[in-house]
file target.cif (mmCIF, C-alpha atoms (C1' of nucleotides))
data_model
#
loop_
_atom_site.label_atom_id
_atom_site.label_comp_id
_atom_site.auth_asym_id
_atom_site.auth_seq_id
_atom_site.Cartn_x
_atom_site.Cartn_y
_atom_site.Cartn_z
CA MET A 279 4.12 -24.32 17.00
CA THR A 280 4.30 -20.73 18.11
CA SER A 281 0.88 -20.71 19.77
CA SER A 282 -1.22 -23.29 21.53
CA ARG A 283 -3.93 -24.89 19.45
CA PRO A 284 -7.46 -23.66 19.92
CA ARG A 285 -9.58 -26.36 21.47
CA THR A 286 -13.04 -25.32 22.48
CA ARG A 287 -15.65 -24.14 20.01
CA ILE A 288 -15.68 -20.69 21.53
CA GLN A 289 -11.92 -20.39 21.13
CA ILE A 290 -12.14 -21.35 17.49
CA LYS A 291 -14.97 -18.93 16.91
CA ASN A 292 -13.27 -16.01 18.68
CA ARG A 293 -9.91 -16.52 17.05
CA ALA A 294 -11.60 -16.59 13.66
CA ALA A 295 -13.54 -13.40 14.44
CA ILE A 296 -10.33 -11.65 15.51
CA LEU A 297 -8.45 -12.74 12.40
CA ASP A 298 -11.29 -11.59 10.17
CA ALA A 299 -11.48 -8.22 11.92
CA GLY A 300 -7.69 -7.94 11.77
CA LEU A 301 -7.76 -8.62 8.05
CA ASP A 302 -10.24 -5.77 7.65
CA ALA A 303 -8.07 -3.37 9.62
CA PHE A 304 -4.58 -4.30 8.42
CA SER A 305 -5.58 -4.49 4.76
CA ALA A 306 -7.19 -1.06 4.96
CA HIS A 307 -4.60 0.80 7.02
CA GLY A 308 -1.36 -1.20 7.08
CA PHE A 309 0.27 -2.56 10.22
CA ARG A 310 1.00 0.70 12.01
CA GLY A 311 -2.19 2.36 10.86
CA ALA A 312 -4.51 -0.33 12.24
CA THR A 313 -5.53 -0.24 15.91
CA LEU A 314 -6.52 -2.88 18.42
CA ASP A 315 -9.56 -0.82 19.42
CA GLN A 316 -10.80 -1.01 15.86
CA ILE A 317 -10.13 -4.73 15.56
CA ALA A 318 -11.77 -5.47 18.91
CA GLU A 319 -14.87 -3.50 17.99
CA THR A 320 -15.22 -5.21 14.60
CA ALA A 321 -14.70 -8.59 16.24
CA GLY A 322 -17.37 -7.73 18.81
CA MET A 323 -15.32 -8.06 21.97
CA SER A 324 -13.34 -5.97 24.43
CA LYS A 325 -9.69 -5.20 23.85
CA PRO A 326 -8.43 -7.22 26.86
CA ASN A 327 -10.49 -10.15 25.73
CA LEU A 328 -8.95 -9.92 22.28
CA LEU A 329 -5.53 -9.98 23.92
CA TYR A 330 -6.52 -13.10 25.77
CA TYR A 331 -6.53 -14.93 22.43
CA PHE A 332 -3.54 -13.31 20.77
CA GLY A 333 -0.37 -12.17 22.51
CA GLY A 334 -0.49 -8.76 20.88
CA LYS A 335 -0.98 -6.76 17.73
CA ASP A 336 2.03 -8.38 16.13
CA ALA A 337 0.71 -11.89 16.79
CA ILE A 338 -2.53 -11.17 14.92
CA TYR A 339 -0.69 -9.69 11.99
CA THR A 340 1.82 -12.51 11.82
CA ALA A 341 -0.91 -15.15 11.96
CA LEU A 342 -2.67 -13.48 9.04
CA LEU A 343 0.50 -13.29 6.96
CA GLU A 344 1.43 -16.91 7.59
CA GLN A 345 -2.07 -18.03 6.69
CA LEU A 346 -1.85 -15.95 3.52
CA LEU A 347 1.60 -17.02 2.34
CA ASP A 348 0.60 -20.62 2.83
CA THR A 349 -2.01 -20.46 0.08
CA TRP A 350 -1.05 -17.40 -1.98
CA LEU A 351 1.42 -19.28 -4.15
CA ASP A 352 -0.71 -22.33 -4.83
CA PRO A 353 -1.84 -21.10 -8.27
CA LEU A 354 1.78 -20.82 -9.32
CA ARG A 355 2.54 -24.34 -8.13
CA GLU A 356 -0.32 -25.66 -10.23
CA ILE A 357 1.37 -24.78 -13.51
CA ASP A 358 1.96 -28.05 -15.35
CA PRO A 359 5.38 -28.21 -17.05
CA ASP A 360 3.98 -30.86 -19.40
CA GLY A 361 0.85 -28.93 -20.36
CA ASP A 362 0.21 -26.62 -23.28
CA PRO A 363 2.25 -23.45 -22.59
CA VAL A 364 -0.36 -20.85 -23.53
CA THR A 365 -3.11 -22.75 -21.71
CA GLU A 366 -0.98 -23.11 -18.61
CA ILE A 367 0.06 -19.46 -18.45
CA LEU A 368 -3.42 -18.14 -19.22
CA GLY A 369 -4.86 -20.53 -16.67
CA TYR A 370 -2.44 -19.24 -14.07
CA ALA A 371 -3.39 -15.64 -14.83
CA GLN A 372 -7.06 -16.55 -14.50
CA ARG A 373 -6.51 -18.22 -11.13
CA LYS A 374 -4.65 -15.14 -9.90
CA LEU A 375 -7.47 -12.92 -11.13
CA ASP A 376 -9.95 -15.13 -9.28
CA LEU A 377 -7.94 -14.56 -6.10
CA SER A 378 -8.18 -10.79 -6.59
CA ARG A 379 -11.93 -11.08 -7.02
CA ASP A 380 -12.55 -13.50 -4.15
CA TYR A 381 -9.89 -12.37 -1.65
CA PRO A 382 -9.27 -8.65 -2.23
CA ARG A 383 -8.52 -7.99 1.43
CA GLU A 384 -5.78 -10.61 1.43
CA SER A 385 -4.32 -9.05 -1.71
CA ARG A 386 -4.30 -5.62 -0.10
CA LEU A 387 -2.79 -6.99 3.11
CA PHE A 388 0.06 -8.41 1.06
CA ALA A 389 0.39 -5.22 -1.00
CA ASN A 390 0.59 -3.10 2.15
CA GLU A 391 3.29 -5.34 3.56
CA ILE A 392 5.41 -5.25 0.40
CA LEU A 393 4.82 -1.55 -0.20
CA GLN A 394 6.11 -0.79 3.27
CA GLY A 395 9.29 -2.75 2.70
CA ALA A 396 8.13 -6.27 3.63
CA PRO A 397 9.58 -6.03 7.18
CA HIS A 398 7.79 -9.20 8.33
CA ILE A 399 8.28 -11.44 5.29
CA HIS A 400 11.49 -10.35 3.64
CA SER A 401 13.18 -13.71 4.21
CA HIS A 402 10.20 -15.48 2.70
CA LEU A 403 10.54 -13.41 -0.49
CA SER A 404 14.21 -14.17 -1.07
CA GLY A 405 13.73 -17.76 0.14
CA ASP A 406 10.63 -19.75 -0.72
CA LEU A 407 9.24 -17.28 -3.24
CA LYS A 408 12.48 -16.84 -5.17
CA ALA A 409 13.02 -20.61 -5.27
CA LEU A 410 9.53 -21.24 -6.63
CA VAL A 411 9.84 -18.51 -9.26
CA ASP A 412 13.23 -19.84 -10.29
CA ASP A 413 11.67 -23.25 -10.88
CA ILE A 414 8.82 -21.95 -12.99
CA ALA A 415 11.19 -19.63 -14.87
CA ILE A 416 13.09 -22.68 -16.13
CA VAL A 417 9.90 -24.18 -17.48
CA ILE A 418 8.87 -20.96 -19.22
CA ALA A 419 12.34 -20.50 -20.67
CA ARG A 420 12.17 -24.00 -22.14
CA TRP A 421 8.78 -23.28 -23.69
CA ALA A 422 10.26 -20.18 -25.31
CA ASP A 423 13.33 -22.07 -26.52
CA GLU A 424 11.10 -24.68 -28.11
CA GLY A 425 9.25 -21.91 -29.91
CA ARG A 426 5.94 -22.80 -28.27
CA ILE A 427 5.59 -19.24 -26.98
CA LYS A 428 7.24 -16.01 -28.11
CA ALA A 429 10.63 -15.08 -26.68
CA VAL A 430 10.00 -13.67 -23.20
CA ASP A 431 11.85 -12.95 -19.98
CA PRO A 432 10.28 -15.59 -17.68
CA ARG A 433 10.62 -13.67 -14.40
CA HIS A 434 9.32 -10.43 -15.86
CA LEU A 435 6.42 -12.35 -17.38
CA ILE A 436 5.54 -13.58 -13.90
CA PHE A 437 5.82 -10.03 -12.52
CA SER A 438 3.50 -8.93 -15.32
CA ILE A 439 0.86 -11.49 -14.41
CA TRP A 440 1.11 -10.58 -10.73
CA SER A 441 0.75 -6.87 -11.38
CA LEU A 442 -2.01 -7.19 -14.00
CA THR A 443 -4.18 -9.34 -11.77
CA GLN A 444 -3.49 -7.89 -8.33
CA HIS A 445 -4.17 -4.40 -9.66
CA TYR A 446 -7.90 -5.16 -9.72
CA ALA A 447 -7.89 -5.85 -5.98
CA ASP A 448 -5.27 -3.38 -4.76
CA PHE A 449 -6.44 -0.41 -6.84
CA GLU A 450 -10.11 -1.31 -6.70
CA VAL A 451 -11.12 2.21 -5.67
CA GLN A 452 -9.40 3.73 -8.66
CA VAL A 453 -10.68 1.13 -11.12
CA THR A 454 -14.24 1.63 -9.91
CA ALA A 455 -13.93 5.42 -10.05
CA VAL A 456 -12.54 5.43 -13.59
CA LEU A 457 -14.99 2.88 -14.96
CA GLY A 458 -17.93 4.38 -13.12
CA HIS A 459 -19.10 0.94 -11.98
CA ALA A 460 -17.87 -1.92 -9.81
CA ALA A 461 -18.55 -5.21 -11.60
CA TYR A 462 -15.52 -5.35 -13.83
CA PHE A 463 -13.97 -8.78 -13.31
CA ASP A 464 -15.57 -10.42 -16.34
CA ASP A 465 -14.30 -7.64 -18.62
CA ALA A 466 -10.90 -7.83 -16.96
CA ALA A 467 -10.72 -11.57 -17.60
CA ILE A 468 -11.53 -11.13 -21.29
CA HIS A 469 -9.02 -8.32 -21.62
CA LEU A 470 -6.21 -10.22 -19.89
CA ASN A 471 -6.88 -13.32 -21.93
CA ARG A 472 -6.65 -11.41 -25.19
CA MET A 473 -3.59 -9.41 -24.16
CA LEU A 474 -1.58 -12.35 -22.88
CA ARG A 475 -2.55 -14.50 -25.85
CA GLY A 476 -1.33 -11.80 -28.22
CA ALA A 477 1.87 -11.42 -26.24
CA LEU A 478 2.60 -15.14 -26.01
CA GLU A 479 1.30 -17.02 -29.05
CA PRO A 480 4.13 -17.50 -31.54
CA MET B 229 -4.37 29.41 -2.54
CA THR B 230 -4.66 27.20 0.52
CA SER B 231 -1.35 28.32 2.04
CA SER B 232 0.68 31.50 2.00
CA ARG B 233 3.55 31.57 -0.46
CA PRO B 234 7.03 30.99 0.86
CA ARG B 235 9.13 34.11 0.45
CA THR B 236 12.53 34.00 2.03
CA ARG B 237 15.22 31.57 1.00
CA ILE B 238 15.12 29.84 4.34
CA GLN B 239 11.38 29.31 4.05
CA ILE B 240 11.75 27.77 0.63
CA LYS B 241 14.56 25.55 1.84
CA ASN B 242 12.74 24.40 4.97
CA ARG B 243 9.45 23.74 3.23
CA ALA B 244 11.28 21.67 0.64
CA ALA B 245 13.12 19.71 3.33
CA ILE B 246 9.86 18.98 5.12
CA LEU B 247 8.12 17.83 1.95
CA ASP B 248 11.04 15.59 1.06
CA ALA B 249 11.11 14.08 4.54
CA GLY B 250 7.33 13.72 4.44
CA LEU B 251 7.57 11.89 1.14
CA ASP B 252 10.02 9.47 2.74
CA ALA B 253 7.74 8.82 5.68
CA PHE B 254 4.32 8.72 4.02
CA SER B 255 5.47 6.57 1.10
CA ALA B 256 7.01 4.07 3.48
CA HIS B 257 4.29 3.87 6.16
CA GLY B 258 1.11 5.42 4.79
CA PHE B 259 -0.65 8.40 6.30
CA ARG B 260 -1.52 6.99 9.69
CA GLY B 261 1.72 5.04 10.01
CA ALA B 262 3.99 8.05 9.49
CA THR B 263 4.86 10.30 12.44
CA LEU B 264 5.82 13.95 12.74
CA ASP B 265 8.80 13.03 14.92
CA GLN B 266 10.18 10.94 12.10
CA ILE B 267 9.56 13.65 9.51
CA ALA B 268 11.08 16.36 11.70
CA GLU B 269 14.19 14.31 12.35
CA THR B 270 14.70 13.51 8.66
CA ALA B 271 14.16 17.16 7.80
CA GLY B 272 16.70 18.16 10.44
CA MET B 273 14.53 20.36 12.61
CA SER B 274 12.41 20.26 15.74
CA LYS B 275 8.79 19.23 15.61
CA PRO B 276 7.38 22.62 16.64
CA ASN B 277 9.55 24.25 14.01
CA LEU B 278 8.15 21.89 11.42
CA LEU B 279 4.67 22.90 12.49
CA TYR B 280 5.63 26.52 12.02
CA TYR B 281 5.82 25.82 8.27
CA PHE B 282 2.87 23.48 7.86
CA GLY B 283 -0.38 23.63 9.77
CA GLY B 284 -0.23 19.97 10.68
CA LYS B 285 0.35 16.42 9.52
CA ASP B 286 -2.55 16.63 7.13
CA ALA B 287 -1.23 19.79 5.48
CA ILE B 288 2.09 18.11 4.62
CA TYR B 289 0.34 15.07 3.22
CA THR B 290 -2.12 17.11 1.21
CA ALA B 291 0.64 19.30 -0.23
CA LEU B 292 2.50 16.19 -1.35
CA LEU B 293 -0.57 14.67 -2.99
CA GLU B 294 -1.48 17.86 -4.82
CA GLN B 295 2.06 18.22 -6.07
CA LEU B 296 1.96 14.61 -7.23
CA LEU B 297 -1.41 14.65 -8.95
CA ASP B 298 -0.41 17.76 -10.81
CA THR B 299 2.35 15.96 -12.72
CA TRP B 300 1.40 12.29 -12.44
CA LEU B 301 -0.93 12.33 -15.41
CA ASP B 302 1.28 14.32 -17.77
CA PRO B 303 2.54 11.20 -19.61
CA LEU B 304 -1.06 10.28 -20.40
CA ARG B 305 -1.81 13.76 -21.74
CA GLU B 306 1.18 13.50 -24.08
CA ILE B 307 -0.40 10.73 -26.13
CA ASP B 308 -0.84 12.11 -29.65
CA PRO B 309 -4.19 11.12 -31.23
CA ASP B 310 -2.64 11.72 -34.66
CA GLY B 311 0.50 9.67 -34.03
CA ASP B 312 1.22 6.04 -34.82
CA PRO B 313 -0.88 3.98 -32.39
CA VAL B 314 1.70 1.41 -31.36
CA THR B 315 4.40 4.06 -31.04
CA GLU B 316 2.15 6.26 -28.93
CA ILE B 317 1.05 3.51 -26.56
CA LEU B 318 4.54 2.05 -26.17
CA GLY B 319 5.91 5.54 -25.63
CA TYR B 320 3.35 6.13 -22.92
CA ALA B 321 4.29 2.87 -21.20
CA GLN B 322 7.94 3.83 -21.36
CA ARG B 323 7.27 7.25 -19.81
CA LYS B 324 5.31 5.60 -17.01
CA LEU B 325 8.15 3.13 -16.44
CA ASP B 326 10.58 6.07 -16.29
CA LEU B 327 8.42 7.58 -13.56
CA SER B 328 8.62 4.35 -11.56
CA ARG B 329 12.40 4.37 -11.90
CA ASP B 330 12.93 8.06 -11.16
CA TYR B 331 10.16 8.71 -8.65
CA PRO B 332 9.51 5.45 -6.78
CA ARG B 333 8.57 7.24 -3.55
CA GLU B 334 5.88 9.22 -5.33
CA SER B 335 4.54 6.00 -6.84
CA ARG B 336 4.40 4.36 -3.42
CA LEU B 337 2.77 7.42 -1.87
CA PHE B 338 0.03 7.18 -4.47
CA ALA B 339 -0.25 3.42 -4.08
CA ASN B 340 -0.63 3.74 -0.31
CA GLU B 341 -3.35 6.34 -0.73
CA ILE B 342 -5.33 4.22 -3.22
CA LEU B 343 -4.77 0.99 -1.33
CA GLN B 344 -6.22 2.57 1.79
CA GLY B 345 -9.34 3.68 -0.03
CA ALA B 346 -8.17 7.02 -1.47
CA PRO B 347 -9.76 9.05 1.36
CA HIS B 348 -8.00 12.26 0.34
CA ILE B 349 -8.33 12.08 -3.45
CA HIS B 350 -11.47 10.16 -4.18
CA SER B 351 -13.13 13.09 -5.92
CA HIS B 352 -10.06 13.55 -8.10
CA LEU B 353 -10.30 9.93 -9.27
CA SER B 354 -13.92 10.10 -10.37
CA GLY B 355 -13.44 13.66 -11.65
CA ASP B 356 -10.28 14.71 -13.45
CA LEU B 357 -8.83 11.23 -13.79
CA LYS B 358 -11.99 9.63 -15.14
CA ALA B 359 -12.45 12.49 -17.63
CA LEU B 360 -8.91 12.17 -18.92
CA VAL B 361 -9.13 8.39 -19.26
CA ASP B 362 -12.45 8.72 -21.05
CA ASP B 363 -10.82 11.04 -23.59
CA ILE B 364 -7.90 8.73 -24.27
CA ALA B 365 -10.20 5.73 -24.39
CA ILE B 366 -12.02 7.27 -27.35
CA VAL B 367 -8.73 7.64 -29.22
CA ILE B 368 -7.68 4.07 -28.49
CA ALA B 369 -11.10 2.74 -29.48
CA ARG B 370 -10.81 4.55 -32.81
CA TRP B 371 -7.36 3.06 -33.41
CA ALA B 372 -8.81 -0.39 -32.79
CA ASP B 373 -11.79 0.28 -35.07
CA GLU B 374 -9.46 1.34 -37.85
CA GLY B 375 -7.57 -1.92 -37.43
CA ARG B 376 -4.33 -0.15 -36.57
CA ILE B 377 -4.10 -2.10 -33.29
CA LYS B 378 -5.74 -5.34 -32.20
CA ALA B 379 -9.21 -5.21 -30.67
CA VAL B 380 -8.76 -4.12 -27.06
CA ASP B 381 -10.75 -2.68 -24.16
CA PRO B 382 -9.26 0.84 -23.98
CA ARG B 383 -9.76 1.39 -20.25
CA HIS B 384 -8.45 -2.02 -19.29
CA LEU B 385 -5.46 -1.44 -21.54
CA ILE B 386 -4.72 1.72 -19.57
CA PHE B 387 -5.12 -0.19 -16.28
CA SER B 388 -2.69 -2.76 -17.65
CA ILE B 389 -0.06 -0.15 -18.44
CA TRP B 390 -0.48 1.44 -15.03
CA SER B 391 -0.14 -1.85 -13.20
CA LEU B 392 2.73 -3.20 -15.29
CA THR B 393 4.85 -0.10 -14.83
CA GLN B 394 3.97 0.93 -11.27
CA HIS B 395 4.66 -2.60 -10.07
CA TYR B 396 8.40 -1.99 -10.45
CA ALA B 397 8.25 0.90 -7.97
CA ASP B 398 5.52 -0.29 -5.60
CA PHE B 399 6.74 -3.89 -5.27
CA GLU B 400 10.42 -3.04 -5.58
CA VAL B 401 11.33 -5.12 -2.51
CA GLN B 402 9.71 -8.21 -3.96
CA VAL B 403 11.14 -7.72 -7.45
CA THR B 404 14.63 -7.28 -6.05
CA ALA B 405 14.27 -10.32 -3.78
CA VAL B 406 13.02 -12.59 -6.58
CA LEU B 407 15.58 -11.43 -9.14
CA GLY B 408 18.42 -11.39 -6.64
CA HIS B 409 19.58 -7.98 -7.87
CA ALA B 410 18.31 -4.41 -8.03
CA ALA B 411 19.13 -2.95 -11.46
CA TYR B 412 16.20 -4.30 -13.43
CA PHE B 413 14.68 -1.34 -15.23
CA ASP B 414 16.44 -1.95 -18.56
CA ASP B 415 15.23 -5.55 -18.61
CA ALA B 416 11.76 -4.42 -17.61
CA ALA B 417 11.68 -1.92 -20.47
CA ILE B 418 12.63 -4.57 -23.02
CA HIS B 419 10.10 -7.00 -21.62
CA LEU B 420 7.23 -4.48 -21.58
CA ASN B 421 8.05 -3.32 -25.09
CA ARG B 422 7.92 -6.87 -26.42
CA MET B 423 4.80 -7.82 -24.51
CA LEU B 424 2.79 -4.76 -25.47
CA ARG B 425 3.92 -4.94 -29.07
CA GLY B 426 2.76 -8.54 -29.26
CA ALA B 427 -0.53 -7.65 -27.62
CA LEU B 428 -1.21 -4.62 -29.83
CA GLU B 429 0.25 -5.05 -33.31
CA PRO B 430 -2.46 -6.29 -35.66
"C1'" DG C 215 12.30 31.45 13.32
"C1'" DT C 216 13.60 28.24 16.60
"C1'" DC C 217 13.62 26.23 20.82
"C1'" DT C 218 12.02 23.61 25.54
"C1'" DA C 219 8.24 22.18 27.92
"C1'" DT C 220 3.97 20.28 28.05
"C1'" DA C 221 -0.91 19.67 27.21
"C1'" DG C 222 -4.30 16.36 25.77
"C1'" DA C 223 -5.72 12.40 23.09
"C1'" DC C 224 -4.84 7.82 21.77
"C1'" DG C 225 -2.02 3.71 21.34
"C1'" DG C 226 -0.79 -1.20 23.20
"C1'" DA C 227 -0.82 -3.87 27.01
"C1'" DT C 228 -1.70 -5.46 32.06
"C1'" DA C 229 -4.02 -6.04 36.85
"C1'" DG C 230 -7.34 -8.05 39.06
"C1'" DA C 231 -12.39 -8.70 40.08
"C1'" DC C 232 -16.04 -11.69 38.65
"C1'" DG D 179 -13.32 -16.24 29.58
"C1'" DT D 180 -14.74 -11.74 30.05
"C1'" DC D 181 -14.96 -7.51 32.05
"C1'" DT D 182 -13.63 -2.52 34.16
"C1'" DA D 183 -10.04 0.22 35.37
"C1'" DT D 184 -5.71 1.77 34.47
"C1'" DC D 185 -0.64 2.09 33.46
"C1'" DC D 186 2.59 3.97 30.47
"C1'" DG D 187 4.44 5.20 26.18
"C1'" DT D 188 3.74 7.78 21.87
"C1'" DC D 189 1.21 10.84 19.07
"C1'" DT D 190 -0.31 15.57 17.31
"C1'" DA D 191 -0.36 20.02 18.49
"C1'" DT D 192 0.25 24.32 21.37
"C1'" DA D 193 2.27 27.75 24.85
"C1'" DG D 194 5.55 30.74 25.58
"C1'" DA D 195 10.57 32.00 26.23
"C1'" DC D 196 14.39 33.61 23.44
#
call {"tool": "encode", "arguments": {"input": "target.cif", "output": "structure tokens"}}
result
Amino acid sequence: MTSSRPRTRIQIKNRAAILDAGLDAFSAHGFRGATLDQIAETAGMSKPNLLYYFGGKDAIYTALLEQLLDTWLDPLREIDPDGDPVTEILGYAQRKLDLSRDYPRESRLFANEILQGAPHIHSHLSGDLKALVDDIAIVIARWADEGRIKAVDPRHLIFSIWSLTQHYADFEVQVTAVLGHAAYFDDAAIHLNRMLRGALEP
Amino acid sequence: MTSSRPRTRIQIKNRAAILDAGLDAFSAHGFRGATLDQIAETAGMSKPNLLYYFGGKDAIYTALLEQLLDTWLDPLREIDPDGDPVTEILGYAQRKLDLSRDYPRESRLFANEILQGAPHIHSHLSGDLKALVDDIAIVIARWADEGRIKAVDPRHLIFSIWSLTQHYADFEVQVTAVLGHAAYFDDAAIHLNRMLRGALEP
DNA sequence: GTCTATAGACGGATAGAC
DNA sequence: GTCTATCCGTCTATAGAC
């Protein structure tokens, strides 16, 4: 454990408020662009009080990233090697799209971190993430070999699903501006389903 | 004109050095995360000297964005409404992928700006960009109506091409970490070609 | 055109009273 | 646990010599 466990109700409540405010700030401005003043104000407490709960700016950011990485890859782990290939891949894409709709701030936090060179999580990318992708890539390659989906580069297919789905959270401002309205996730789901089906079904 | 034209050779050279250094900094850290010290050092001059050429941090950033927006949409404008639909769309995707390969910093500059809410270019998105996408969407819709490509949501197809191609510049660190190597653009081109062909050909 | 020096605001973090 | 006051470093930008 890097930090002591919260015990009292007020500790739990304040830590949660800080993390939520931090997510607002870091996802909107990146690590260097966010300020403790801003986070403290959003969380409804003074800056020294905020620093009573977290050792510093870095500690808040790190806690958010760890929390995120812990759950961000779950949809990928849920792919069933024994399931129907098209169903499994489309289901994965849908779960990722759901994440973009339900947790856009988390998506943008992650995007900011990667965009700026992933200084805090580089080892995670070439460690856990690479290992997991390698595993799934074997499954997808087998499906292609068996002719159950079209020939496809497994890793680039995964990149495609990441980019297609995360785009709706990370570039939300642009999507909304171009469409002229904000409620686009149902249309996006239909579109992605059709596109991926066309690209994958033999 | 918002700024006086550079005249002497040394002015041209210094302004170019500043813009290049600014592109480095802003694309890597976002607007608020980048510093003038960093830009001045990369450009090889003192901070006051840098400010002799540009009015301030904002002026450098704005100049970079204007320069970028001016050329960023050219590949989209090159789509020929009278050409072969699949060829035109795949050609567009390839041109966008070339941009990600040849101008990754510009892609990340744009991504940072959008990710952080597009404060400097919001009017451009709902103005010029929306108008251009609306035009192309009509062409793509006609192609679909004529049965020359599969039924597809034109605007979401454009989003898909943007996300698929820009991902290779914006998430370069992650792509490299997962693949274990850096020279992936040829593979990406083959993959995108196959995927889009499968998704589009009737 | 380029520099040193510095103003003035803001950033993260701490001291110490309550 | 929470606050006010404050330290100190960094940031953008300017003054003014050369």
call {"tool": "residues_around", "arguments": {"input": "target.cif", "residues": "region 215-231 of chain C", "least_positions_apart": "6", "cutoff": "10 Å", "atoms": "only C-alpha atoms (C1' of nucleotides)", "output": "MDAnalysis selection string"}}
result
(chainID A and resid 313:315 325:326 329 333:335) or (chainID B and resid 238:239 273:278 280:281) or (chainID D and resid 181:196)
call {"tool": "resolve_selection", "arguments": {"input": "target.cif", "expression": "the PyMOL selection byres ((chain A and resi 352-368) around 9)", "output": "ChimeraX atom specification"}}
result
/A:348-351,369-374,410-411,414,417-418,421,426-427,439,470-471,474-475,478-479
call {"tool": "write_last_selection", "arguments": {"input": "target.cif", "atoms": "C-alpha atoms", "output": "short mmCIF file (atom, residue, chain, number, x, y, z; two decimals), in the coordinates of the input"}}
result
data_model
loop_
_atom_site.label_atom_id
_atom_site.label_comp_id
_atom_site.auth_asym_id
_atom_site.auth_seq_id
_atom_site.Cartn_x
_atom_site.Cartn_y
_atom_site.Cartn_z
CA ASP A 348 0.60 -20.62 2.83
CA THR A 349 -2.01 -20.46 0.08
CA TRP A 350 -1.05 -17.40 -1.98
CA LEU A 351 1.42 -19.28 -4.15
CA GLY A 369 -4.86 -20.53 -16.67
CA TYR A 370 -2.44 -19.24 -14.07
CA ALA A 371 -3.39 -15.64 -14.83
CA GLN A 372 -7.06 -16.55 -14.50
CA ARG A 373 -6.51 -18.22 -11.13
CA LYS A 374 -4.65 -15.14 -9.90
CA LEU A 410 9.53 -21.24 -6.63
CA VAL A 411 9.84 -18.51 -9.26
CA ILE A 414 8.82 -21.95 -12.99
CA VAL A 417 9.90 -24.18 -17.48
CA ILE A 418 8.87 -20.96 -19.22
CA TRP A 421 8.78 -23.28 -23.69
CA ARG A 426 5.94 -22.80 -28.27
CA ILE A 427 5.59 -19.24 -26.98
CA ILE A 439 0.86 -11.49 -14.41
CA LEU A 470 -6.21 -10.22 -19.89
CA ASN A 471 -6.88 -13.32 -21.93
CA LEU A 474 -1.58 -12.35 -22.88
CA ARG A 475 -2.55 -14.50 -25.85
CA LEU A 478 2.60 -15.14 -26.01
CA GLU A 479 1.30 -17.02 -29.05
#
call {"tool": "interface_residues", "arguments": {"input": "target.cif", "of": "chain A", "to": "chain B", "cutoff": "8 Å", "atoms": "all atoms listed in the file", "output": "PyMOL selection string"}}
result
chain A and resi 305-311+386+389-390+392-396+400+403-404+407-408+411+430-431+433-435+437-438+441-442+445+448-453+455-458+466+469+472-478
call {"tool": "axis_aligned_box", "arguments": {"input": "target.cif", "around": "region 181-191 of chain D", "padding_each_side": "5 Å", "output": "JSON"}}
result
{"center_x": -5.3, "center_y": 6.3, "center_z": 26.3, "size_x": 29.4, "size_y": 37.5, "size_z": 28.1}
call {"tool": "atom_distance", "arguments": {"input": "target.cif", "atom1": "CA of Asp248 (chain B)", "atom2": "CA of His409 (chain B)"}}
result
26.6 Å
